[in-house]
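So this block is coords-v2.txt, compact mmCIF, N, CA and C atoms and all ligand atoms:
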# COMPACT_ATOMS: atom_id res chain seq x y z
N MET A 1 20.85 -20.01 7.26
CA MET A 1 19.56 -20.04 6.56
C MET A 1 19.15 -18.63 6.14
N PRO A 2 18.92 -18.45 4.85
CA PRO A 2 18.46 -17.13 4.42
C PRO A 2 17.03 -16.88 4.92
N ARG A 3 16.72 -15.62 5.13
CA ARG A 3 15.33 -15.27 5.45
C ARG A 3 14.63 -14.88 4.14
N ILE A 4 13.37 -15.24 4.03
CA ILE A 4 12.63 -14.93 2.81
C ILE A 4 11.48 -13.99 3.14
N ALA A 5 11.52 -12.83 2.48
CA ALA A 5 10.40 -11.88 2.58
C ALA A 5 9.53 -12.11 1.36
N ARG A 6 8.22 -12.02 1.54
CA ARG A 6 7.35 -12.18 0.37
C ARG A 6 6.09 -11.35 0.51
N CYS A 7 5.45 -11.15 -0.65
CA CYS A 7 4.18 -10.43 -0.66
C CYS A 7 3.09 -11.34 -0.13
N CYS A 8 1.89 -10.81 -0.03
CA CYS A 8 0.77 -11.60 0.51
C CYS A 8 0.50 -12.85 -0.30
N CYS A 9 0.55 -12.76 -1.65
CA CYS A 9 0.21 -13.93 -2.46
C CYS A 9 1.42 -14.82 -2.71
N GLY A 10 2.62 -14.36 -2.39
CA GLY A 10 3.81 -15.20 -2.45
C GLY A 10 4.58 -15.16 -3.76
N SER A 11 4.11 -14.41 -4.76
CA SER A 11 4.82 -14.45 -6.04
C SER A 11 6.03 -13.53 -6.09
N LEU A 12 6.06 -12.48 -5.29
CA LEU A 12 7.23 -11.60 -5.23
C LEU A 12 7.98 -11.86 -3.94
N ARG A 13 9.27 -12.18 -4.11
CA ARG A 13 10.06 -12.58 -2.95
C ARG A 13 11.42 -11.90 -2.93
N ALA A 14 11.94 -11.74 -1.75
CA ALA A 14 13.31 -11.27 -1.57
C ALA A 14 13.96 -12.17 -0.54
N GLU A 15 15.08 -12.77 -0.94
CA GLU A 15 15.78 -13.69 -0.05
C GLU A 15 17.03 -12.98 0.46
N ALA A 16 17.17 -12.90 1.76
CA ALA A 16 18.31 -12.18 2.34
C ALA A 16 19.13 -13.12 3.20
N THR A 17 20.45 -13.11 2.98
CA THR A 17 21.33 -13.91 3.82
C THR A 17 22.02 -13.01 4.84
N GLY A 18 22.42 -13.58 5.93
CA GLY A 18 23.11 -12.81 6.96
C GLY A 18 22.15 -11.89 7.69
N GLU A 19 22.73 -10.94 8.39
CA GLU A 19 21.92 -10.02 9.19
C GLU A 19 21.83 -8.67 8.49
N PRO A 20 20.75 -7.93 8.72
CA PRO A 20 20.63 -6.60 8.10
C PRO A 20 21.68 -5.63 8.66
N ALA A 21 22.10 -4.68 7.80
CA ALA A 21 23.04 -3.65 8.23
C ALA A 21 22.34 -2.62 9.10
N LEU A 22 21.04 -2.50 8.88
CA LEU A 22 20.27 -1.49 9.62
C LEU A 22 18.81 -1.93 9.66
N VAL A 23 18.18 -1.72 10.79
CA VAL A 23 16.72 -1.89 10.88
C VAL A 23 16.18 -0.59 11.43
N ALA A 24 15.28 0.03 10.67
CA ALA A 24 14.82 1.37 11.04
C ALA A 24 13.31 1.48 10.93
N ALA A 25 12.72 2.08 11.94
CA ALA A 25 11.31 2.44 11.89
C ALA A 25 11.22 3.84 11.29
N CYS A 26 10.24 4.06 10.43
CA CYS A 26 10.09 5.38 9.83
C CYS A 26 8.65 5.86 9.97
N HIS A 27 8.52 7.06 10.52
CA HIS A 27 7.19 7.60 10.81
C HIS A 27 6.77 8.64 9.79
N CYS A 28 7.45 8.70 8.63
CA CYS A 28 7.08 9.72 7.64
C CYS A 28 5.71 9.40 7.05
N MET A 29 5.07 10.41 6.49
CA MET A 29 3.71 10.23 5.96
C MET A 29 3.67 9.22 4.82
N GLU A 30 4.76 9.18 4.03
CA GLU A 30 4.80 8.23 2.91
C GLU A 30 4.78 6.79 3.42
N CYS A 31 5.54 6.52 4.45
CA CYS A 31 5.54 5.17 5.02
C CYS A 31 4.19 4.87 5.66
N GLN A 32 3.58 5.87 6.23
CA GLN A 32 2.26 5.65 6.82
C GLN A 32 1.27 5.25 5.73
N ARG A 33 1.32 5.94 4.59
CA ARG A 33 0.39 5.61 3.50
C ARG A 33 0.73 4.26 2.88
N ARG A 34 2.03 4.00 2.67
CA ARG A 34 2.42 2.74 2.02
C ARG A 34 1.95 1.53 2.81
N THR A 35 2.10 1.62 4.13
CA THR A 35 1.83 0.45 4.95
C THR A 35 0.39 0.41 5.47
N GLY A 36 -0.25 1.57 5.52
CA GLY A 36 -1.54 1.63 6.19
C GLY A 36 -1.41 1.55 7.69
N SER A 37 -0.18 1.68 8.17
CA SER A 37 0.13 1.58 9.60
C SER A 37 0.67 2.93 10.09
N PRO A 38 0.75 3.11 11.39
CA PRO A 38 1.30 4.38 11.89
C PRO A 38 2.76 4.59 11.53
N PHE A 39 3.49 3.53 11.22
CA PHE A 39 4.88 3.68 10.77
C PHE A 39 5.30 2.44 10.00
N GLY A 40 6.35 2.60 9.18
CA GLY A 40 6.91 1.46 8.47
C GLY A 40 8.19 1.02 9.16
N VAL A 41 8.54 -0.23 9.01
CA VAL A 41 9.82 -0.70 9.52
C VAL A 41 10.59 -1.36 8.38
N ALA A 42 11.79 -0.85 8.13
CA ALA A 42 12.62 -1.33 7.03
C ALA A 42 13.83 -2.06 7.56
N THR A 43 14.15 -3.16 6.89
CA THR A 43 15.45 -3.79 7.12
C THR A 43 16.30 -3.42 5.91
N TYR A 44 17.55 -3.08 6.13
CA TYR A 44 18.44 -2.76 5.02
C TYR A 44 19.59 -3.75 4.98
N PHE A 45 19.70 -4.43 3.84
CA PHE A 45 20.76 -5.42 3.65
C PHE A 45 21.70 -4.95 2.56
N PRO A 46 23.00 -5.25 2.65
CA PRO A 46 23.91 -5.00 1.54
C PRO A 46 23.40 -5.75 0.30
N LYS A 47 23.50 -5.07 -0.86
CA LYS A 47 22.95 -5.64 -2.11
C LYS A 47 23.37 -7.08 -2.36
N GLU A 48 24.64 -7.38 -2.06
CA GLU A 48 25.13 -8.72 -2.40
C GLU A 48 24.51 -9.80 -1.51
N GLN A 49 23.81 -9.41 -0.46
CA GLN A 49 23.16 -10.40 0.41
C GLN A 49 21.71 -10.66 0.03
N VAL A 50 21.25 -9.99 -1.05
CA VAL A 50 19.83 -10.07 -1.39
C VAL A 50 19.62 -10.62 -2.80
N ARG A 51 18.66 -11.52 -2.94
CA ARG A 51 18.25 -12.04 -4.23
C ARG A 51 16.73 -11.86 -4.33
N THR A 52 16.28 -11.26 -5.42
CA THR A 52 14.83 -11.06 -5.55
C THR A 52 14.31 -11.85 -6.72
N GLU A 53 13.07 -12.26 -6.63
CA GLU A 53 12.45 -12.96 -7.75
C GLU A 53 10.95 -12.71 -7.78
N GLY A 54 10.39 -12.81 -8.99
CA GLY A 54 8.95 -12.66 -9.14
C GLY A 54 8.60 -11.38 -9.86
N PRO A 55 7.41 -11.34 -10.45
CA PRO A 55 6.98 -10.15 -11.17
C PRO A 55 6.78 -9.00 -10.20
N ASN A 56 7.21 -7.82 -10.62
CA ASN A 56 6.97 -6.67 -9.75
C ASN A 56 6.80 -5.40 -10.56
N LYS A 57 6.10 -4.48 -9.97
CA LYS A 57 5.97 -3.15 -10.53
C LYS A 57 6.75 -2.21 -9.63
N VAL A 58 7.16 -1.10 -10.23
CA VAL A 58 7.94 -0.12 -9.47
C VAL A 58 7.13 1.15 -9.31
N TYR A 59 7.04 1.59 -8.09
CA TYR A 59 6.46 2.91 -7.82
C TYR A 59 7.60 3.80 -7.35
N GLU A 60 7.87 4.82 -8.14
CA GLU A 60 8.96 5.72 -7.77
C GLU A 60 8.37 6.97 -7.15
N ARG A 61 8.93 7.34 -6.04
CA ARG A 61 8.45 8.56 -5.39
C ARG A 61 9.61 9.35 -4.83
N GLY A 62 9.37 10.60 -4.57
CA GLY A 62 10.32 11.38 -3.80
C GLY A 62 10.10 11.06 -2.34
N SER A 63 11.05 11.37 -1.52
CA SER A 63 10.84 11.18 -0.08
C SER A 63 10.58 12.54 0.53
N ASP A 64 10.18 12.54 1.77
CA ASP A 64 9.94 13.81 2.44
C ASP A 64 11.21 14.64 2.51
N SER A 65 12.37 13.99 2.36
CA SER A 65 13.62 14.76 2.37
C SER A 65 14.08 15.06 0.94
N GLY A 66 13.24 14.74 -0.07
CA GLY A 66 13.55 15.14 -1.45
C GLY A 66 14.36 14.15 -2.25
N ARG A 67 14.67 12.99 -1.67
CA ARG A 67 15.42 11.99 -2.42
C ARG A 67 14.52 10.89 -2.93
N LYS A 68 15.01 10.22 -3.97
CA LYS A 68 14.20 9.25 -4.70
C LYS A 68 14.15 7.89 -4.01
N VAL A 69 12.99 7.28 -4.04
CA VAL A 69 12.84 5.91 -3.55
C VAL A 69 12.10 5.10 -4.61
N GLU A 70 12.61 3.92 -4.95
CA GLU A 70 11.94 3.02 -5.90
C GLU A 70 11.38 1.84 -5.14
N LEU A 71 10.06 1.79 -5.08
CA LEU A 71 9.40 0.73 -4.32
C LEU A 71 8.93 -0.36 -5.27
N HIS A 72 9.29 -1.60 -4.98
CA HIS A 72 8.89 -2.73 -5.81
C HIS A 72 7.75 -3.47 -5.14
N PHE A 73 6.63 -3.56 -5.86
CA PHE A 73 5.46 -4.22 -5.25
C PHE A 73 4.89 -5.26 -6.20
N CYS A 74 4.12 -6.17 -5.64
CA CYS A 74 3.52 -7.26 -6.41
C CYS A 74 2.34 -6.73 -7.21
N PRO A 75 2.33 -6.98 -8.53
CA PRO A 75 1.22 -6.48 -9.34
C PRO A 75 -0.10 -7.19 -9.04
N ASP A 76 -0.05 -8.36 -8.44
CA ASP A 76 -1.29 -9.09 -8.15
C ASP A 76 -1.90 -8.71 -6.81
N CYS A 77 -1.09 -8.75 -5.74
CA CYS A 77 -1.68 -8.49 -4.42
C CYS A 77 -1.33 -7.11 -3.87
N GLY A 78 -0.37 -6.44 -4.48
CA GLY A 78 -0.10 -5.05 -4.11
C GLY A 78 0.87 -4.83 -2.96
N SER A 79 1.36 -5.90 -2.33
CA SER A 79 2.30 -5.69 -1.21
C SER A 79 3.63 -5.15 -1.72
N THR A 80 4.17 -4.17 -1.04
CA THR A 80 5.54 -3.73 -1.30
C THR A 80 6.48 -4.66 -0.55
N VAL A 81 7.45 -5.22 -1.26
CA VAL A 81 8.36 -6.17 -0.61
C VAL A 81 9.74 -5.55 -0.41
N PHE A 82 10.26 -4.84 -1.43
CA PHE A 82 11.62 -4.28 -1.27
C PHE A 82 11.73 -2.97 -2.02
N TRP A 83 12.80 -2.24 -1.74
CA TRP A 83 12.98 -0.95 -2.39
C TRP A 83 14.44 -0.52 -2.37
N GLN A 84 14.70 0.47 -3.22
CA GLN A 84 16.02 1.10 -3.24
C GLN A 84 15.83 2.57 -2.95
N ALA A 85 16.56 3.04 -1.98
CA ALA A 85 16.47 4.43 -1.58
C ALA A 85 17.77 5.13 -1.92
N GLU A 86 17.64 6.33 -2.43
CA GLU A 86 18.81 7.07 -2.89
C GLU A 86 19.79 7.36 -1.74
N TYR A 87 19.26 7.49 -0.54
CA TYR A 87 20.15 7.87 0.56
C TYR A 87 20.98 6.71 1.11
N VAL A 88 20.64 5.50 0.72
CA VAL A 88 21.47 4.34 1.10
C VAL A 88 21.66 3.47 -0.14
N ARG A 89 22.45 3.93 -1.08
CA ARG A 89 22.59 3.32 -2.40
C ARG A 89 23.06 1.87 -2.39
N ASP A 90 23.92 1.51 -1.46
CA ASP A 90 24.51 0.17 -1.49
C ASP A 90 23.65 -0.86 -0.76
N LEU A 91 22.52 -0.40 -0.26
CA LEU A 91 21.67 -1.28 0.53
C LEU A 91 20.31 -1.44 -0.15
N ILE A 92 19.70 -2.59 0.08
CA ILE A 92 18.33 -2.81 -0.38
C ILE A 92 17.43 -2.85 0.84
N GLY A 93 16.37 -2.08 0.77
CA GLY A 93 15.40 -2.07 1.85
C GLY A 93 14.40 -3.20 1.65
N ILE A 94 14.12 -3.93 2.70
CA ILE A 94 13.10 -4.96 2.64
C ILE A 94 12.13 -4.70 3.80
N ALA A 95 10.84 -4.75 3.48
CA ALA A 95 9.84 -4.50 4.52
C ALA A 95 9.96 -5.55 5.61
N LEU A 96 10.15 -5.11 6.83
CA LEU A 96 10.35 -6.05 7.94
C LEU A 96 9.18 -7.02 8.06
N GLY A 97 7.97 -6.50 7.91
CA GLY A 97 6.79 -7.34 8.06
C GLY A 97 6.69 -8.43 7.01
N ALA A 98 7.30 -8.20 5.84
CA ALA A 98 7.21 -9.17 4.75
C ALA A 98 7.97 -10.47 5.09
N PHE A 99 8.85 -10.40 6.08
CA PHE A 99 9.54 -11.62 6.50
C PHE A 99 8.62 -12.49 7.36
N ALA A 100 7.69 -11.85 8.05
CA ALA A 100 6.83 -12.58 8.99
C ALA A 100 7.69 -13.53 9.83
N ASP A 101 8.75 -12.97 10.41
CA ASP A 101 9.76 -13.78 11.09
C ASP A 101 10.21 -13.03 12.35
N LEU A 102 9.96 -13.62 13.50
CA LEU A 102 10.25 -12.93 14.75
C LEU A 102 11.74 -12.87 15.07
N SER A 103 12.58 -13.54 14.25
CA SER A 103 14.02 -13.51 14.51
C SER A 103 14.69 -12.30 13.86
N VAL A 104 13.94 -11.51 13.10
CA VAL A 104 14.53 -10.31 12.50
C VAL A 104 14.90 -9.34 13.63
N PRO A 105 16.13 -8.79 13.58
CA PRO A 105 16.55 -7.88 14.66
C PRO A 105 15.63 -6.67 14.85
N TRP A 106 15.61 -6.17 16.06
CA TRP A 106 14.78 -5.01 16.41
C TRP A 106 15.33 -3.76 15.73
N PRO A 107 14.48 -2.77 15.50
CA PRO A 107 14.98 -1.50 14.96
C PRO A 107 15.95 -0.82 15.94
N THR A 108 16.99 -0.21 15.37
CA THR A 108 17.94 0.55 16.18
C THR A 108 17.76 2.04 15.93
N LEU A 109 16.80 2.36 15.07
CA LEU A 109 16.60 3.76 14.69
C LEU A 109 15.11 4.02 14.50
N SER A 110 14.67 5.16 14.98
CA SER A 110 13.29 5.60 14.78
C SER A 110 13.37 6.96 14.11
N GLY A 111 12.98 7.01 12.82
CA GLY A 111 13.17 8.23 12.04
C GLY A 111 11.88 8.97 11.76
N TRP A 112 12.00 10.21 11.38
CA TRP A 112 10.86 11.08 11.06
C TRP A 112 9.88 11.19 12.22
N GLU A 113 10.43 11.31 13.43
CA GLU A 113 9.54 11.39 14.59
C GLU A 113 8.73 12.68 14.61
N VAL A 114 9.11 13.60 13.70
CA VAL A 114 8.36 14.85 13.60
C VAL A 114 6.90 14.56 13.23
N THR A 115 6.66 13.45 12.51
CA THR A 115 5.27 13.08 12.16
C THR A 115 4.85 11.76 12.81
N MET A 116 5.46 11.46 13.94
CA MET A 116 5.11 10.23 14.67
C MET A 116 3.78 10.41 15.40
N HIS A 117 2.93 9.41 15.32
CA HIS A 117 1.70 9.46 16.11
C HIS A 117 2.09 9.51 17.58
N PRO A 118 1.47 10.40 18.33
CA PRO A 118 1.92 10.64 19.71
C PRO A 118 1.76 9.45 20.63
N TRP A 119 0.96 8.47 20.23
CA TRP A 119 0.75 7.31 21.12
C TRP A 119 1.74 6.19 20.85
N VAL A 120 2.63 6.39 19.86
CA VAL A 120 3.61 5.35 19.55
C VAL A 120 4.80 5.47 20.49
N THR A 121 5.18 4.38 21.13
CA THR A 121 6.39 4.38 21.96
C THR A 121 7.15 3.08 21.72
N PHE A 122 8.45 3.13 21.93
CA PHE A 122 9.26 1.92 21.85
C PHE A 122 9.78 1.62 23.24
N ASP A 123 9.85 0.38 23.54
CA ASP A 123 10.20 -0.04 24.88
C ASP A 123 11.67 -0.45 25.00
N HIS A 124 12.44 -0.21 23.94
CA HIS A 124 13.86 -0.55 23.99
C HIS A 124 14.67 0.65 23.51
N GLU A 125 15.98 0.60 23.77
CA GLU A 125 16.89 1.70 23.39
C GLU A 125 17.04 1.77 21.89
N LEU A 126 16.84 2.93 21.32
CA LEU A 126 17.15 3.13 19.91
C LEU A 126 17.38 4.61 19.65
N ASP A 127 17.99 4.91 18.51
CA ASP A 127 18.26 6.30 18.16
C ASP A 127 16.98 6.95 17.65
N HIS A 128 16.80 8.19 18.00
CA HIS A 128 15.62 8.92 17.56
C HIS A 128 16.02 10.09 16.70
N LEU A 129 15.39 10.19 15.53
CA LEU A 129 15.66 11.32 14.65
C LEU A 129 14.34 12.03 14.35
N ARG A 130 14.39 13.35 14.37
CA ARG A 130 13.19 14.11 14.05
C ARG A 130 12.89 14.00 12.55
N LYS A 131 13.95 14.07 11.74
CA LYS A 131 13.82 14.01 10.29
C LYS A 131 14.90 13.12 9.72
N GLN A 132 14.75 12.81 8.41
CA GLN A 132 15.69 11.90 7.79
C GLN A 132 17.01 12.57 7.43
N GLU A 133 16.98 13.89 7.20
CA GLU A 133 18.21 14.60 6.85
C GLU A 133 19.31 14.31 7.86
N GLU A 134 18.88 14.15 9.09
CA GLU A 134 19.85 13.95 10.16
C GLU A 134 20.48 12.56 10.08
N LEU A 135 19.90 11.74 9.20
CA LEU A 135 20.36 10.35 9.13
C LEU A 135 21.79 10.24 8.63
N GLU A 136 22.09 11.02 7.57
CA GLU A 136 23.41 10.89 6.97
C GLU A 136 24.49 11.23 7.98
N GLY A 137 25.45 10.34 8.09
CA GLY A 137 26.52 10.58 9.05
C GLY A 137 26.19 10.02 10.43
N THR A 138 24.91 9.80 10.69
CA THR A 138 24.55 9.31 12.02
C THR A 138 24.24 7.83 12.03
N VAL A 139 23.97 7.28 10.84
CA VAL A 139 23.57 5.87 10.79
C VAL A 139 24.70 4.99 11.27
N ARG A 140 24.37 4.14 12.20
CA ARG A 140 25.38 3.19 12.66
C ARG A 140 25.06 1.85 12.06
N LEU A 141 25.82 1.49 11.05
CA LEU A 141 25.58 0.22 10.39
C LEU A 141 26.30 -0.87 11.14
N ARG A 142 25.64 -1.99 11.26
CA ARG A 142 26.28 -3.15 11.85
C ARG A 142 27.30 -3.70 10.86
N SER A 143 28.46 -4.09 11.32
CA SER A 143 29.43 -4.60 10.34
C SER A 143 29.44 -6.12 10.38
ZN ZN B 201 1.64 -10.83 -4.36
ZN ZN B 202 9.32 6.82 5.74
Go through the file and emit its structure as structure tokens.
Ligand SMILES: [Zn+2]
Ligand SMILES: [Zn+2]
Amino acid sequence: MPRIARCCCGSLRAEATGEPALVAACHCMECQRRTGSPFGVATYFPKEQVRTEGPNKVYERGSDSGRKVELHFCPDCGSTVFWQAEYVRDLIGIALGAFADLSVPWPTLSGWEVTMHPWVTFDHELDHLRKQEELEGTVRLRS
């Protein structure tokens, strides 16, 4: 059964089959602003496992590490559902919360801890990175 991520109003959707290659929490300021939360959590799926549908607008931004991210959000309700990040070209990022599904795997990575709110803690084993630069070469993708 594919999992379906969607925006608040339901018109923008991303359908993902199989399991994500990576689930990562990100504490960078951009993710804090995008989500309105202390951190964002992204699931990354290989492109061929994802199908998207619905009207969307693209907000392109640089990342704190200087690479480009294209965020696709619903023009009606404003939720960001999926994105493409330059540092993981073959993968599509889908907002974990947009699945509203407790079966989505836990994050295995906590990135940009340099700007993590000090009261945030995780109760399970995961990799910790101070910044995203350290990500390249360190990411352990599930096969
Ligand atoms: Zn919407
Ligand atoms: Zn981030």
**Request:** Could you tell me, counting all atoms listed in the file, which protein and nucleic acid residues lie no more than 6.5 Å from ligand ZN 202 (chain B), written as an NGL selection string?
**Result:** :A and (26-32 or 40)
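Here the question is which of A:Phe45, A:Phe39, A:Phe82, A:Phe73 gets nearest to A:Trp119 using only C-alpha atoms, and that residue is A:Phe39.
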**Request:** Could you check how far atom CA of A:Gly62 sits from atom CA of A:Arg33, in Å to one decimal?
**Result:**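 That distance, rounded to one decimal, is 13.6 Å.
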**Message:** Can you measure atom N of A:Arg61 to atom N of A:Ala16 for me? One decimal in Å is fine.
**Reply:** 23.2 Å
**Prompt:** Between atom N of A:Gly54 and atom C of A:Pro75, what is the distance, to one decimal in Å?
**Reply:**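 Computed distance, atom N of A:Gly54 to atom C of A:Pro75, equals 11.9 Å.
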